[in-house]
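Everything on this sheet refers to the single structure shown next.
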Amino acid sequence: MSVLYEQSAVLVRPAVTTDRYGNKKYDYGPAATRTAVDQLNIQPDGDSEEETSGKQIAVTTWLLISAPGTMPDFRATDRLEYDGMELEVIGRVGRWPVPTSIRHIQAQLKEVD
């Protein structure tokens, strides 16, 4: 294995409940399932500024790539605990299978406030 894929994180799969209007609610607290995942490369991918409650904040996005030959079960509704941060998926998780094997997954993430 390459030294590029020596990072580990905790995949947080939310507990799903329904509110009184029938909408799904995702709970990332103690009811969520936490699973250790290794053979990852997680690196800064860019910075941007967002306005929240009238304040400008800097947002760093992160790129997650799994090692070649691995395809962790990571979904768009999951979060990742990594290096003291809680990261959420931006968009969809990309999957790159090849005809004879699994290639890898890739996801763009941002820190949850």
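Every chain in the structure tokens takes a letter, A first, then B, and so on in the order presented; its residues are numbered from 1, and the ligands are numbered from 1 following the presented order.
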Do you know which residues are at most 7 Å from Lys110 in chain A counting only C-alpha atoms, after dropping those on the same chain fewer than 5 positions away, and could you put them as number ranges by chain? A: 60-62, 87-90
Give one line per residue of range 16-39 of chain A that approaches range 71-80 of chain A to at most 9 Å, naming the two atoms of the closest pair and their distance in Å to one decimal, counting only C-alpha atoms; sort by chain then ascending residue number and deliver it as CSV.
residue,atom,partner,partner_atom,distance
A:Tyr26,CA,A:Thr77,CA,8.1
A:Tyr28,CA,A:Arg79,CA,8.0
A:Val37,CA,A:Pro72,CA,7.5
I need the residues of chain A that end up classed as strand (DSSP E) by DSSP on the backbone, written out as a ChimeraX atom specification. /A:7-13,15-18,24-27,33-52,55-66,79-82,85-98,101-111
Selected residue, from A:Ala31, A:Leu63, A:Ala58, A:Ile102, that lies nearest to Pro44 in chain A when counting only C-alpha atoms: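 Comparing A:Ala31, A:Leu63, A:Ala58, A:Ile102 against Pro44 in chain A, the winner is A:Leu63.
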As an exercise, work out the distance from CA of Thr35 in chain A to CA of Ser8 in chain A in Å and give it to one decimal place. 10.6 Å
For each of A:Ser66, A:Glu86, A:Ser53, A:Ser48, take the minimum atom-to-atom distance to Val12 in chain A, counting only C-alpha atoms, then give the residue where this is smallest.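 Answer, going by the shortest atom-to-atom distance: A:Glu86.
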